[in-house]
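S.K.: File follows, model.cif with mmCIF, C-alpha atoms:
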data_protein
#
loop_
_atom_site.label_atom_id
_atom_site.label_comp_id
_atom_site.auth_asym_id
_atom_site.auth_seq_id
_atom_site.Cartn_x
_atom_site.Cartn_y
_atom_site.Cartn_z
CA MET X 1186 9.07 25.26 56.76
CA THR X 1187 5.68 24.38 55.32
CA THR X 1188 6.49 26.64 52.39
CA CYS X 1189 9.83 24.90 51.91
CA THR X 1190 8.13 21.51 51.79
CA ALA X 1191 5.73 22.81 49.16
CA PHE X 1192 8.70 23.72 47.00
CA ALA X 1193 10.40 20.33 47.23
CA SER X 1194 9.16 19.12 43.86
CA ALA X 1195 9.88 22.44 42.21
CA LEU X 1196 13.42 22.35 43.60
CA ASP X 1197 14.00 19.02 41.89
CA ASP X 1198 12.71 20.46 38.63
CA VAL X 1199 15.16 23.33 38.92
CA ALA X 1200 17.97 20.96 39.87
CA LEU X 1201 17.25 19.09 36.63
CA GLY X 1202 17.48 22.26 34.59
CA ALA X 1203 14.00 23.74 34.63
CA THR X 1204 13.49 27.45 35.08
CA PRO X 1205 12.29 28.26 38.62
CA THR X 1206 8.80 29.63 38.99
CA LYS X 1207 8.45 33.18 40.18
CA ALA X 1208 7.20 31.99 43.54
CA LEU X 1209 10.19 29.69 44.02
CA ALA X 1210 12.64 32.32 42.88
CA ARG X 1211 11.14 34.78 45.36
CA HIS X 1212 11.29 32.17 48.11
CA MET X 1213 14.91 31.31 47.33
CA THR X 1214 15.99 34.91 47.90
CA THR X 1215 14.93 34.68 51.54
CA CYS X 1216 15.41 30.96 52.37
CA ALA X 1217 19.00 29.84 52.78
CA ALA X 1218 17.87 26.30 53.58
CA CYS X 1219 16.19 25.90 50.21
CA ALA X 1220 19.19 27.42 48.44
CA THR X 1221 21.41 24.86 50.13
CA GLN X 1222 18.93 22.13 49.36
CA LEU X 1223 18.91 23.15 45.72
CA GLU X 1224 22.67 22.78 45.52
CA ARG X 1225 22.42 19.33 47.10
CA ARG X 1226 19.75 18.29 44.62
CA ARG X 1227 21.84 19.57 41.73
CA ALA X 1228 24.81 17.58 42.98
CA LEU X 1229 22.65 14.48 43.25
CA ALA X 1230 21.28 15.02 39.74
CA ARG X 1231 24.82 15.33 38.38
CA ARG X 1232 25.90 12.20 40.16
CA ILE X 1233 22.92 10.25 38.89
CA ASP X 1234 23.49 11.48 35.34
CA GLY X 1235 27.13 10.47 35.57
CA ALA X 1236 26.28 7.05 36.92
CA VAL X 1237 23.57 6.45 34.34
CA GLY X 1238 26.02 7.52 31.66
CA ALA X 1239 28.64 5.15 33.01
CA TYR X 1240 25.98 2.45 32.99
CA VAL X 1241 25.59 2.59 29.20
CA ARG X 1242 28.64 4.42 27.84
CA ALA X 1243 30.97 1.48 27.93
CA GLU X 1244 33.20 1.03 24.92
CA PRO X 1245 32.54 -2.04 22.82
CA PRO X 1246 35.46 -4.43 22.30
CA PRO X 1247 37.66 -3.06 19.49
CA ALA X 1248 37.29 -6.23 17.45
CA LEU X 1249 33.50 -6.23 17.59
CA ALA X 1250 32.90 -3.86 14.67
CA GLU X 1251 35.50 -5.63 12.53
CA ARG X 1252 34.02 -9.01 13.32
CA ILE X 1253 30.55 -7.89 12.33
CA ALA X 1254 31.79 -6.05 9.25
CA SER X 1255 33.62 -9.13 8.04
CA ARG X 1256 30.42 -11.10 8.31
CA ALA X 1257 28.72 -8.55 6.14
CA THR X 1258 30.62 -9.75 3.08
CA VAL X 1259 28.48 -12.83 2.60
CA PRO X 1260 25.84 -12.51 -0.12
CA ARG X 1261 22.66 -10.91 1.03
CA ALA X 1262 19.34 -12.64 0.70
CA ARG X 1263 17.54 -11.51 -2.42
CA ARG X 1264 14.99 -8.87 -1.88
CA TRP X 1265 11.41 -10.08 -1.71
CA ARG X 1266 9.15 -9.03 -4.51
CA PRO X 1267 6.52 -6.49 -3.54
CA VAL X 1268 3.55 -8.05 -1.84
CA TRP X 1269 1.13 -6.64 -4.38
CA LEU X 1270 2.62 -8.81 -7.11
CA GLY X 1271 1.59 -11.88 -5.17
CA VAL X 1272 -2.03 -10.79 -5.00
CA PRO X 1273 -3.03 -11.41 -8.67
CA VAL X 1274 -1.08 -14.65 -8.67
CA GLY X 1275 -2.90 -15.77 -5.57
CA VAL X 1276 -6.27 -14.76 -6.99
CA ALA X 1277 -5.57 -16.66 -10.23
CA LEU X 1278 -4.54 -19.76 -8.32
CA ALA X 1279 -7.60 -19.57 -6.11
CA ALA X 1280 -9.84 -19.12 -9.16
CA GLY X 1281 -8.24 -22.13 -10.82
CA VAL X 1282 -8.81 -24.26 -7.76
CA LEU X 1283 -12.43 -23.09 -7.55
CA VAL X 1284 -13.09 -23.92 -11.22
CA PHE X 1285 -11.54 -27.34 -10.79
CA VAL X 1286 -13.57 -28.10 -7.70
CA TYR X 1287 -16.74 -26.84 -9.39
CA ALA X 1288 -16.14 -28.97 -12.45
CA LEU X 1289 -15.52 -31.97 -10.26
CA GLY X 1290 -18.79 -31.31 -8.46
CA ALA X 1291 -20.69 -30.83 -11.74
CA GLY X 1292 -19.42 -34.16 -13.05
CA ARG X 1293 -20.68 -35.92 -9.96
CA GLY X 1294 -24.06 -34.22 -10.36
CA ALA X 1295 -24.56 -35.90 -13.82
CA VAL X 1296 -24.94 -39.33 -12.25
CA HIS X 1297 -27.47 -38.16 -9.72
CA PRO X 1298 -30.04 -40.90 -8.85
CA THR X 1299 -32.89 -38.88 -10.37
CA ASP X 1300 -31.38 -39.48 -13.83
CA VAL X 1301 -31.64 -43.27 -13.59
CA ALA X 1302 -34.85 -43.33 -15.64
CA ALA X 1303 -33.31 -41.36 -18.43
CA LEU X 1304 -30.30 -43.60 -18.39
CA ASP X 1305 -32.55 -46.64 -18.54
CA ALA X 1306 -34.31 -45.25 -21.56
CA TRP X 1307 -31.12 -44.58 -23.38
CA ARG X 1308 -30.32 -46.73 -26.37
CA SER X 1309 -27.12 -46.99 -28.23
CA PRO X 1310 -27.04 -45.28 -31.65
CA THR X 1311 -26.00 -48.60 -33.11
CA ALA X 1312 -28.98 -50.43 -31.69
CA SER X 1313 -30.72 -50.13 -35.03
CA LEU X 1314 -28.00 -52.28 -36.58
CA LEU X 1315 -28.89 -55.14 -34.28
CA VAL X 1316 -31.33 -56.79 -36.67
CA SER X 1317 -31.89 -60.42 -37.39
CA ARG X 1318 -30.29 -61.78 -40.56
CA SER X 1319 -33.57 -63.51 -41.18
CA ASN X 1320 -35.42 -60.23 -41.13
CA VAL X 1321 -33.53 -57.90 -43.36
CA LEU X 1322 -36.53 -55.60 -43.65
CA GLY X 1323 -35.39 -53.86 -40.50
CA THR X 1324 -37.27 -55.19 -37.47
CA PRO X 1325 -34.91 -54.63 -34.57
CA PHE X 1326 -33.46 -57.71 -33.04
CA THR X 1327 -34.67 -57.32 -29.50
CA ILE X 1328 -34.54 -59.55 -26.51
CA THR X 1329 -38.16 -60.39 -27.07
CA ASN X 1330 -37.37 -61.46 -30.60
CA ARG X 1331 -34.46 -63.54 -29.31
CA ARG X 1332 -36.78 -65.41 -26.95
CA SER X 1333 -39.28 -65.97 -29.70
CA LEU X 1334 -36.56 -67.57 -31.77
CA GLN X 1335 -35.76 -69.95 -28.98
CA MET V 883 14.97 1.67 -1.40
CA ALA V 884 18.67 1.32 -0.77
CA SER V 885 20.69 3.07 -3.45
CA GLU V 886 22.62 1.02 -5.96
CA ASN V 887 26.04 1.79 -4.51
CA THR V 888 25.23 0.60 -1.00
CA GLY V 889 26.98 -2.71 -1.35
CA PRO V 890 28.77 -4.76 1.29
CA ALA V 891 31.67 -2.30 1.49
CA SER V 892 29.46 0.59 2.48
CA PHE V 893 27.59 -1.62 4.89
CA GLU V 894 30.89 -2.36 6.56
CA GLN V 895 31.42 1.36 6.90
CA LEU V 896 28.00 1.73 8.45
CA VAL V 897 28.85 -1.00 10.93
CA ARG V 898 32.04 0.76 11.96
CA LEU V 899 30.27 4.09 12.25
CA ASN V 900 27.39 2.82 14.35
CA ALA V 901 28.78 -0.14 16.28
CA ARG V 902 29.51 1.95 19.36
CA THR V 903 26.03 3.45 19.54
CA VAL V 904 24.33 0.15 18.85
CA PHE V 905 26.47 -1.53 21.50
CA GLN V 906 25.54 1.10 24.07
CA ILE V 907 21.85 0.82 23.25
CA ALA V 908 22.12 -2.92 23.72
CA LEU V 909 23.99 -2.36 26.96
CA SER V 910 21.31 0.03 28.19
CA VAL V 911 18.78 -2.76 27.86
CA VAL V 912 20.67 -5.94 28.76
CA GLY V 913 23.02 -4.35 31.33
CA ASN V 914 26.20 -6.33 30.66
CA ALA V 915 28.87 -6.27 28.00
CA ALA V 916 28.75 -9.94 27.04
CA ASP V 917 25.07 -9.87 26.19
CA ALA V 918 25.40 -6.44 24.60
CA GLU V 919 28.01 -7.86 22.22
CA ASP V 920 25.71 -10.68 21.22
CA VAL V 921 22.83 -8.27 20.69
CA THR V 922 24.98 -5.87 18.67
CA GLN V 923 26.12 -8.62 16.39
CA ASP V 924 22.62 -9.99 15.98
CA ALA V 925 21.20 -6.54 15.27
CA PHE V 926 23.70 -5.81 12.51
CA ILE V 927 23.19 -9.20 10.93
CA ARG V 928 19.45 -8.61 10.84
CA ALA V 929 20.03 -5.17 9.42
CA TYR V 930 22.31 -6.62 6.76
CA ILE V 931 19.76 -9.20 5.69
CA LYS V 932 17.08 -6.53 5.31
CA PHE V 933 19.38 -3.75 4.17
CA GLU V 934 17.97 -3.59 0.65
CA SER V 935 14.48 -3.09 1.97
CA LEU V 936 15.54 0.09 3.77
CA GLU V 937 13.68 2.89 2.05
CA GLU V 938 16.02 5.68 3.12
CA PRO V 939 19.67 4.63 3.59
CA GLN V 940 20.43 7.92 5.30
CA ARG V 941 18.19 6.78 8.14
CA PHE V 942 20.23 3.65 8.68
CA ARG V 943 21.36 4.78 12.12
CA ALA V 944 17.86 5.17 13.57
CA TRP V 945 16.80 1.98 11.83
CA VAL V 946 19.60 -0.19 13.18
CA CYS V 947 19.15 1.35 16.64
CA ARG V 948 15.51 0.33 16.60
CA ILE V 949 16.50 -3.18 15.55
CA ALA V 950 19.10 -3.32 18.32
CA ARG V 951 16.63 -2.28 20.96
CA ARG V 952 14.10 -4.85 19.79
CA VAL V 953 16.71 -7.60 19.69
CA ALA V 954 17.91 -6.61 23.17
CA LEU V 955 14.40 -6.70 24.59
CA ASN V 956 13.83 -10.12 23.08
CA HIS V 957 17.18 -11.21 24.46
CA ILE V 958 16.38 -10.38 28.07
CA ARG V 959 12.95 -11.94 27.77
CA SER V 960 14.22 -15.20 26.39
CA ASP V 961 17.69 -15.63 27.90
CA THR V 962 17.50 -17.08 31.38
CA ARG V 963 21.26 -16.62 31.80
CA PHE V 964 20.77 -12.88 31.60
CA ARG V 965 19.82 -12.38 35.23
CA LYS V 966 22.82 -14.22 36.53
CA ARG V 967 25.19 -12.14 34.39
CA GLU V 968 23.38 -9.02 35.47
CA GLU V 969 23.97 -9.84 39.14
CA GLN V 970 27.68 -10.22 38.43
CA ARG V 971 27.96 -6.90 36.65
CA TYR V 972 28.99 -4.72 39.56
CA ASP V 973 31.27 -7.33 41.04
CA ASP V 974 33.16 -7.50 37.76
CA ALA V 975 33.30 -3.75 37.41
CA THR V 976 34.97 -3.23 40.73
CA ALA V 977 37.03 -6.39 40.99
CA ASP V 978 40.31 -4.66 40.24
CA ALA V 979 39.61 -1.42 42.06
CA ASP V 980 40.40 -0.38 45.59
CA VAL V 981 37.34 -1.66 47.43
CA ALA V 982 37.62 0.82 50.28
CA ALA V 983 37.82 3.77 47.95
CA VAL V 984 34.85 2.74 45.86
CA ALA V 985 32.66 1.28 48.59
CA GLU V 986 30.37 4.27 48.82
CA ASP V 987 30.26 4.67 45.07
CA ARG V 988 29.55 1.01 44.64
CA ASP V 989 26.63 1.24 47.05
CA PHE V 990 25.36 4.25 45.12
CA GLN V 991 25.63 2.32 41.89
CA ARG V 992 23.75 -0.61 43.33
CA ARG V 993 20.94 1.57 44.61
CA LEU V 994 20.81 3.43 41.32
CA HIS V 995 20.68 0.21 39.40
CA ALA V 996 17.78 -0.94 41.54
CA ALA V 997 16.08 2.42 41.09
CA ILE V 998 16.45 2.25 37.31
CA GLY V 999 14.91 -1.20 37.43
CA GLN V 1000 11.94 0.19 39.34
CA LEU V 1001 11.27 2.96 36.84
CA PRO V 1002 8.25 2.46 34.60
CA GLU V 1003 9.44 1.03 31.29
CA ARG V 1004 8.46 4.12 29.29
CA LEU V 1005 10.64 6.29 31.54
CA ARG V 1006 13.49 3.81 31.86
CA ASP V 1007 13.81 3.46 28.07
CA VAL V 1008 14.13 7.19 27.62
CA VAL V 1009 16.52 7.74 30.54
CA LEU V 1010 18.89 5.03 29.34
CA LEU V 1011 18.71 5.80 25.64
CA CYS V 1012 19.33 9.50 26.26
CA ALA V 1013 22.46 8.51 28.17
CA VAL V 1014 23.85 6.73 25.13
CA ASP V 1015 26.62 8.75 23.46
CA GLU V 1016 25.61 10.83 20.48
CA LEU V 1017 21.92 10.14 20.85
CA GLU V 1018 19.94 13.36 20.91
CA PRO V 1019 16.30 13.38 22.00
CA THR V 1020 15.27 13.48 18.36
CA ALA V 1021 17.25 10.30 17.68
CA VAL V 1022 15.76 8.64 20.75
CA ALA V 1023 12.34 9.74 19.52
CA ALA V 1024 13.01 8.06 16.17
CA ILE V 1025 14.10 4.86 17.88
CA LEU V 1026 11.10 4.70 20.18
CA GLY V 1027 8.61 6.03 17.65
CA ILE V 1028 7.39 8.84 19.87
CA PRO V 1029 7.56 12.64 19.51
CA ALA V 1030 10.75 14.38 20.63
CA GLY V 1031 8.71 16.46 23.07
CA THR V 1032 7.50 13.27 24.73
CA VAL V 1033 11.10 12.10 25.01
CA ARG V 1034 12.05 15.30 26.80
CA SER V 1035 9.13 15.18 29.20
CA ARG V 1036 9.74 11.51 29.97
CA LEU V 1037 13.43 12.16 30.46
CA HIS V 1038 12.65 14.86 32.97
CA ALA V 1039 10.10 12.70 34.75
CA GLY V 1040 12.46 9.73 34.82
CA ARG V 1041 15.40 11.72 36.18
CA LYS V 1042 13.17 13.31 38.78
CA GLN V 1043 11.86 9.94 39.88
CA LEU V 1044 15.42 8.63 40.15
CA MET V 1045 16.34 11.60 42.32
CA ARG V 1046 13.50 10.84 44.70
CA MET V 1047 14.41 7.18 44.89
CA MET V 1048 18.08 7.99 45.49
CA SER V 1049 17.40 10.56 48.21
#
What is this structure when it is put down as C-alpha cells?

M.R.:
Amino acid sequence: MTTCTAFASALDDVALGATPTKALARHMTTCAACATQLERRRALARRIDGAVGAYVRAEPPPALAERIASRATVPRARRWRPVWLGVPVGVALAAGVLVFVYALGAGRGAVHPTDVAALDAWRSPTASLLVSRSNVLGTPFTITNRRSLQ
Amino acid sequence: MASENTGPASFEQLVRLNARTVFQIALSVVGNAADAEDVTQDAFIRAYIKFESLEEPQRFRAWVCRIARRVALNHIRSDTRFRKREEQRYDDATADADVAAVAEDRDFQRRLHAAIGQLPERLRDVVLLCAVDELEPTAVAAILGIPAGTVRSRLHAGRKQLMRMMS
C-alpha cells in the first residue's frame, strides 16, 4: 500500500497522458488496485477536460460578428507618424525655447546695477550740438554754463 | 505594416473568421456570455483602430487574441457587476434543464469552477486558453508571450492540480 501511495502523483501524470515510468509500469502489472485507480483518474481527467471545454466553448451570438463587422466600416484613425520623426522636431523646438530664454536673460544682464557708472558717463552723440548761440566757437552749453548765464 | 489591400472589407472578414475564438477567450476570462460579448466587441474595435500599425497582417489572429485577453482582464478588474453575473452563470445554464438529472453534474461544475478560480493565474490562463476551440499550445504561447514548452508544462500542472482539487 505504501508503494501505491508513492505512485499517486505518477498515476495522475499517466491519467493526463504522460508515459508511465518503468517503476510504475512494473508496479501496475502486479497491482490491480492501482490499475483500477488509474482508470478512475483517467475518467476524472476526461470529465474535467469536458467541463473546462464547456466552460469556454460556448458559441457567440450569431449576430455578434456581423454587428462588429458593420462597425468596422467607419473610417480608421490615421496612422501615427513614426516616433523618430518627432525627435528632431522636439529637439529644434527645445533649442528655440532655450535660445529665446537665453536672449531674454542676456538682455536683462545689460542693465545690471554694476553698469550704472558707465551709464552715468554716457553722453548723447548730439551733445556737442548743444552750444550757446552766443558762443559759436564751440564751447559746449552745459548746465554749469546755463547757471552762469543766470 | 498592414498591406495596402487590407481595407475595411478584409477586416470584416477577419472579424467573421476570428469572432468565435475571440469570444471564447473573453469567456474564459470573464466567465459569462454577456460580458464576453462586450469584451469581444471592444477587442475588435481596438484592433480596428490600430489595424494599420500591425506589422504582420498574417498574425492578426494572435494579435487580436492578445488584445481580447487584455481587455477581458481589464473588464473583470474594473466592472463591479461582473461578480454578480458570474454568480448567476450556473443558474442560467441549468434553468431549462431537468434539475434532478443534472444535479450531480451541476455540483461538479460548481466545484470545478471554484477549483479553476483557486488555480494560480499562470496555470489558470493556460488551462482555459487551451480549452478554447482551435487554439493550439503554440497559439496560446503567442497570446501569453511565453514559450510553447512552458504552455505544455503549465497545462499539465494545471490539469493535475484540478484533478487533485476535484478528487

S.K.: Which polymer residues have any atom within 9 Å of an atom of segment 919-922 of chain V, counting all atoms listed in the file, with same-chain residues fewer than 4 positions away left out, as a list in words?

M.R.: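 Non-adjacent residues within range: Pro1245, Pro1246, Leu1249 and Ile1253 of chain X; Ala901, Val904, Phe905, Gln906, Ile907, Ala908, Leu909, Val912, Asn914, Ala915, Phe926, Ile927, Ala950, Arg951, Val953, Ala954 and His957 of chain V.
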
S.K.: Counting only C-alpha atoms, which residues of chain V sit at most 9 Å from some atom of chain X, and what is each one's closest atom pair with its distance in Å to one decimal, listed by chain and rising residue number, as CSV?

M.R.:
residue,atom,partner,partner_atom,distance
V:Pro890,CA,X:Thr1258,CA,5.6
V:Ala891,CA,X:Thr1258,CA,7.7
V:Phe893,CA,X:Ala1257,CA,7.1
V:Glu894,CA,X:Ala1254,CA,4.7
V:Gln895,CA,X:Ala1254,CA,7.8
V:Leu896,CA,X:Ala1254,CA,8.7
V:Val897,CA,X:Ala1254,CA,6.1
V:Arg898,CA,X:Ala1250,CA,5.4
V:Leu899,CA,X:Ala1250,CA,8.7
V:Asn900,CA,X:Ala1250,CA,8.7
V:Ala901,CA,X:Ala1250,CA,5.8
V:Arg902,CA,X:Pro1245,CA,6.1
V:Thr903,CA,X:Arg1242,CA,8.8
V:Phe905,CA,X:Pro1245,CA,6.2
V:Gln906,CA,X:Val1241,CA,5.3
V:Ile907,CA,X:Val1241,CA,7.2
V:Ala908,CA,X:Val1241,CA,8.5
V:Leu909,CA,X:Val1241,CA,5.7
V:Ser910,CA,X:Val1241,CA,5.1
V:Val911,CA,X:Val1241,CA,8.8
V:Gly913,CA,X:Tyr1240,CA,7.6
V:Ala915,CA,X:Pro1245,CA,7.6
V:Ala918,CA,X:Pro1245,CA,8.6
V:Glu919,CA,X:Leu1249,CA,7.4
V:Thr922,CA,X:Leu1249,CA,8.6
V:Gln923,CA,X:Ile1253,CA,6.1
V:Asp924,CA,X:Ile1253,CA,9.0
V:Phe926,CA,X:Ile1253,CA,7.2
V:Ile927,CA,X:Ala1257,CA,7.3
V:Tyr930,CA,X:Ala1257,CA,6.7
V:Ile931,CA,X:Arg1261,CA,5.7
V:Lys932,CA,X:Arg1264,CA,7.8
V:Phe933,CA,X:Arg1261,CA,8.5
V:Glu934,CA,X:Arg1264,CA,6.6
V:Ser935,CA,X:Arg1264,CA,7.0
V:Phe990,CA,X:Ala1236,CA,8.7
V:Gln991,CA,X:Ala1236,CA,6.9
V:Leu994,CA,X:Ile1233,CA,7.5
V:His995,CA,X:Val1237,CA,8.5
V:Ile998,CA,X:Val1237,CA,8.8
V:Val1009,CA,X:Val1237,CA,8.1
V:Leu1010,CA,X:Val1237,CA,7.0
V:Leu1011,CA,X:Val1241,CA,8.4
V:Cys1012,CA,X:Gly1238,CA,8.8
V:Ala1013,CA,X:Gly1238,CA,5.1
V:Val1014,CA,X:Arg1242,CA,6.0
V:Asp1015,CA,X:Arg1242,CA,6.5
V:His1038,CA,X:Leu1201,CA,7.2
V:Arg1041,CA,X:Leu1201,CA,7.6
V:Lys1042,CA,X:Asp1197,CA,6.6
V:Leu1044,CA,X:Ile1233,CA,7.8
V:Met1045,CA,X:Ala1230,CA,6.5
V:Arg1046,CA,X:Asp1197,CA,8.7
V:Met1048,CA,X:Leu1229,CA,8.2
V:Ser1049,CA,X:Leu1229,CA,8.2

S.K.: Excluding segment 1212-1214 of chain X and residues on its chain fewer than 5 positions from it, collect all residues at most 10 Å away from it, counting all atoms listed in the file, and give them as a list in words.

M.R.: Thr1188, Cys1189, Phe1192, Leu1196, Pro1205, Thr1206, Lys1207, Cys1219, Ala1220, Thr1221 and Leu1223 of chain X

S.K.: Just write the chosen residues, C-alpha atoms, as a tab-separated table (two decimals), keeping the file's coordinate frame.

M.R.:
chain	number	residue	atom	x	y	z
X	1188	THR	CA	6.49	26.64	52.39
X	1189	CYS	CA	9.83	24.90	51.91
X	1192	PHE	CA	8.70	23.72	47.00
X	1196	LEU	CA	13.42	22.35	43.60
X	1205	PRO	CA	12.29	28.26	38.62
X	1206	THR	CA	8.80	29.63	38.99
X	1207	LYS	CA	8.45	33.18	40.18
X	1219	CYS	CA	16.19	25.90	50.21
X	1220	ALA	CA	19.19	27.42	48.44
X	1221	THR	CA	21.41	24.86	50.13
X	1223	LEU	CA	18.91	23.15	45.72

S.K.: Hey, what comes out of the PyMOL selection byres ((chain V and resi 1023) around 10) on this file? Could you write it as a ChimeraX atom specification?

M.R.: /V:944,1008,1011-1012,1017-1022,1024-1034

S.K.: Quick check, in Å to one decimal: how far apart do atom CA of Gly999 of chain V and atom CA of Ile958 of chain V lie?

M.R.: 13.2 Å

S.K.: For atom CA of Ser892 of chain V and atom CA of Leu955 of chain V, quote the distance in Å rounded to one decimal.

M.R.: 27.7 Å

S.K.: So how many Å separate atom CA of Val946 of chain V and atom CA of Arg928 of chain V, to one decimal?

M.R.: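 We find that atom CA of Val946 of chain V and atom CA of Arg928 of chain V lie 8.7 Å from each other.
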